[in-house]
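Below is one structure, written out as structure tokens; the observations come after it.
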Amino acid sequence: MRERLTLQYNEFKQAVKNSLIAYKEADNILKAMASYGFYSPVNSIKEVL
């Protein structure tokens, strides 16, 4: 069963908007989490910025 990343995805989006992390770092974290079975509604944070 895959878990949704909705909450984390929104937190990453806000962190990038507030310049706390770079979008590439957020993408790398999302990809790493996906490798552990989590699901993200987007492939890249850039899709929603």
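Identifiers for the structure tokens are assigned positionally: chains receive A, B, ... in sequence, residues are indexed from 1 per chain, and ligands are indexed from 1 in the order shown.
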**Request:** Determine which residues of chain A DSSP labels as helix (DSSP H, G or I) from the backbone of this structure, then write them out as a VMD selection string.
**Result:** chain A and resid 6 to 17 23 to 35 45 to 48
Residues of the last selection are to be written out with N, CA and C atoms, as a PDB file, in the first residue's frame.
```
ATOM      1  N   THR A   6       0.638  14.120   0.542  1.00  0.00           N
ATOM      2  CA  THR A   6      -0.029  15.411   0.412  1.00  0.00           C
ATOM      3  C   THR A   6       0.495  16.425   1.415  1.00  0.00           C
ATOM      4  N   LEU A   7       0.579  16.064   2.679  1.00  0.00           N
ATOM      5  CA  LEU A   7       1.049  17.005   3.691  1.00  0.00           C
ATOM      6  C   LEU A   7       2.500  17.376   3.446  1.00  0.00           C
ATOM      7  N   GLN A   8       3.355  16.401   3.216  1.00  0.00           N
ATOM      8  CA  GLN A   8       4.757  16.691   2.984  1.00  0.00           C
ATOM      9  C   GLN A   8       4.943  17.524   1.716  1.00  0.00           C
ATOM     10  N   TYR A   9       4.192  17.212   0.703  1.00  0.00           N
ATOM     11  CA  TYR A   9       4.282  17.928  -0.568  1.00  0.00           C
ATOM     12  C   TYR A   9       3.986  19.409  -0.353  1.00  0.00           C
ATOM     13  N   ASN A  10       2.947  19.710   0.418  1.00  0.00           N
ATOM     14  CA  ASN A  10       2.610  21.108   0.698  1.00  0.00           C
ATOM     15  C   ASN A  10       3.685  21.785   1.537  1.00  0.00           C
ATOM     16  N   GLU A  11       4.277  21.045   2.462  1.00  0.00           N
ATOM     17  CA  GLU A  11       5.355  21.608   3.277  1.00  0.00           C
ATOM     18  C   GLU A  11       6.581  21.901   2.415  1.00  0.00           C
ATOM     19  N   PHE A  12       6.910  20.997   1.494  1.00  0.00           N
ATOM     20  CA  PHE A  12       8.031  21.235   0.593  1.00  0.00           C
ATOM     21  C   PHE A  12       7.760  22.456  -0.281  1.00  0.00           C
ATOM     22  N   LYS A  13       6.540  22.566  -0.761  1.00  0.00           N
ATOM     23  CA  LYS A  13       6.158  23.697  -1.600  1.00  0.00           C
ATOM     24  C   LYS A  13       6.375  25.010  -0.844  1.00  0.00           C
ATOM     25  N   GLN A  14       5.935  25.084   0.397  1.00  0.00           N
ATOM     26  CA  GLN A  14       6.104  26.295   1.197  1.00  0.00           C
ATOM     27  C   GLN A  14       7.580  26.558   1.510  1.00  0.00           C
ATOM     28  N   ALA A  15       8.335  25.505   1.776  1.00  0.00           N
ATOM     29  CA  ALA A  15       9.761  25.663   2.069  1.00  0.00           C
ATOM     30  C   ALA A  15      10.501  26.244   0.865  1.00  0.00           C
ATOM     31  N   VAL A  16      10.138  25.793  -0.324  1.00  0.00           N
ATOM     32  CA  VAL A  16      10.770  26.323  -1.537  1.00  0.00           C
ATOM     33  C   VAL A  16      10.337  27.771  -1.751  1.00  0.00           C
ATOM     34  N   LYS A  17       9.048  28.053  -1.583  1.00  0.00           N
ATOM     35  CA  LYS A  17       8.556  29.424  -1.761  1.00  0.00           C
ATOM     36  C   LYS A  17       9.221  30.390  -0.791  1.00  0.00           C
ATOM     37  N   TYR A  23      14.424  24.024  -4.970  1.00  0.00           N
ATOM     38  CA  TYR A  23      13.443  23.101  -5.536  1.00  0.00           C
ATOM     39  C   TYR A  23      14.076  21.757  -5.866  1.00  0.00           C
ATOM     40  N   LYS A  24      15.348  21.751  -6.276  1.00  0.00           N
ATOM     41  CA  LYS A  24      16.008  20.477  -6.586  1.00  0.00           C
ATOM     42  C   LYS A  24      16.139  19.612  -5.344  1.00  0.00           C
ATOM     43  N   GLU A  25      16.408  20.240  -4.209  1.00  0.00           N
ATOM     44  CA  GLU A  25      16.504  19.483  -2.959  1.00  0.00           C
ATOM     45  C   GLU A  25      15.140  18.891  -2.598  1.00  0.00           C
ATOM     46  N   ALA A  26      14.082  19.686  -2.762  1.00  0.00           N
ATOM     47  CA  ALA A  26      12.729  19.194  -2.499  1.00  0.00           C
ATOM     48  C   ALA A  26      12.402  18.025  -3.425  1.00  0.00           C
ATOM     49  N   ASP A  27      12.768  18.143  -4.698  1.00  0.00           N
ATOM     50  CA  ASP A  27      12.534  17.056  -5.655  1.00  0.00           C
ATOM     51  C   ASP A  27      13.289  15.795  -5.242  1.00  0.00           C
ATOM     52  N   ASN A  28      14.530  15.971  -4.800  1.00  0.00           N
ATOM     53  CA  ASN A  28      15.328  14.814  -4.385  1.00  0.00           C
ATOM     54  C   ASN A  28      14.718  14.120  -3.171  1.00  0.00           C
ATOM     55  N   ILE A  29      14.209  14.908  -2.240  1.00  0.00           N
ATOM     56  CA  ILE A  29      13.571  14.321  -1.054  1.00  0.00           C
ATOM     57  C   ILE A  29      12.305  13.580  -1.458  1.00  0.00           C
ATOM     58  N   LEU A  30      11.486  14.188  -2.326  1.00  0.00           N
ATOM     59  CA  LEU A  30      10.260  13.523  -2.790  1.00  0.00           C
ATOM     60  C   LEU A  30      10.584  12.208  -3.497  1.00  0.00           C
ATOM     61  N   LYS A  31      11.619  12.220  -4.334  1.00  0.00           N
ATOM     62  CA  LYS A  31      12.017  10.993  -5.043  1.00  0.00           C
ATOM     63  C   LYS A  31      12.501   9.935  -4.073  1.00  0.00           C
ATOM     64  N   ALA A  32      13.265  10.349  -3.066  1.00  0.00           N
ATOM     65  CA  ALA A  32      13.747   9.389  -2.068  1.00  0.00           C
ATOM     66  C   ALA A  32      12.577   8.785  -1.296  1.00  0.00           C
ATOM     67  N   MET A  33      11.614   9.614  -0.922  1.00  0.00           N
ATOM     68  CA  MET A  33      10.446   9.104  -0.199  1.00  0.00           C
ATOM     69  C   MET A  33       9.643   8.158  -1.089  1.00  0.00           C
ATOM     70  N   ALA A  34       9.519   8.492  -2.371  1.00  0.00           N
ATOM     71  CA  ALA A  34       8.797   7.622  -3.310  1.00  0.00           C
ATOM     72  C   ALA A  34       9.475   6.254  -3.410  1.00  0.00           C
ATOM     73  N   SER A  35      10.797   6.239  -3.308  1.00  0.00           N
ATOM     74  CA  SER A  35      11.515   4.955  -3.379  1.00  0.00           C
ATOM     75  C   SER A  35      11.189   4.059  -2.185  1.00  0.00           C
ATOM     76  N   ILE A  45       8.364  19.620  -7.668  1.00  0.00           N
ATOM     77  CA  ILE A  45       7.783  20.768  -6.980  1.00  0.00           C
ATOM     78  C   ILE A  45       7.580  21.923  -7.946  1.00  0.00           C
ATOM     79  N   LYS A  46       8.417  22.009  -8.977  1.00  0.00           N
ATOM     80  CA  LYS A  46       8.289  23.082  -9.979  1.00  0.00           C
ATOM     81  C   LYS A  46       6.902  23.080 -10.637  1.00  0.00           C
ATOM     82  N   GLU A  47       6.250  21.912 -10.664  1.00  0.00           N
ATOM     83  CA  GLU A  47       4.930  21.824 -11.298  1.00  0.00           C
ATOM     84  C   GLU A  47       3.885  22.663 -10.590  1.00  0.00           C
ATOM     85  N   VAL A  48       4.104  22.973  -9.324  1.00  0.00           N
ATOM     86  CA  VAL A  48       3.087  23.699  -8.550  1.00  0.00           C
ATOM     87  C   VAL A  48       3.553  25.054  -8.041  1.00  0.00           C
TER      88      VAL A  48
END
```
**Request:** Based on DSSP run over this structure's backbone, return all residues of chain A in strand (DSSP E or B), as a PyMOL selection string.
**Result:** chain A and resi 3-4+38-39
Restricting it to C-alpha atoms, dump the selection as an mmCIF file, in the first residue's frame.
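As a result, part.cif now contains:
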```
data_model
loop_
_atom_site.group_PDB
_atom_site.id
_atom_site.type_symbol
_atom_site.label_atom_id
_atom_site.label_comp_id
_atom_site.auth_asym_id
_atom_site.auth_seq_id
_atom_site.Cartn_x
_atom_site.Cartn_y
_atom_site.Cartn_z
ATOM 1 C CA GLU A 3 0.972 6.328 1.373
ATOM 2 C CA ARG A 4 0.117 9.771 0.015
ATOM 3 C CA PHE A 38 5.234 6.998 -0.683
ATOM 4 C CA TYR A 39 3.160 8.608 -3.436
#
```
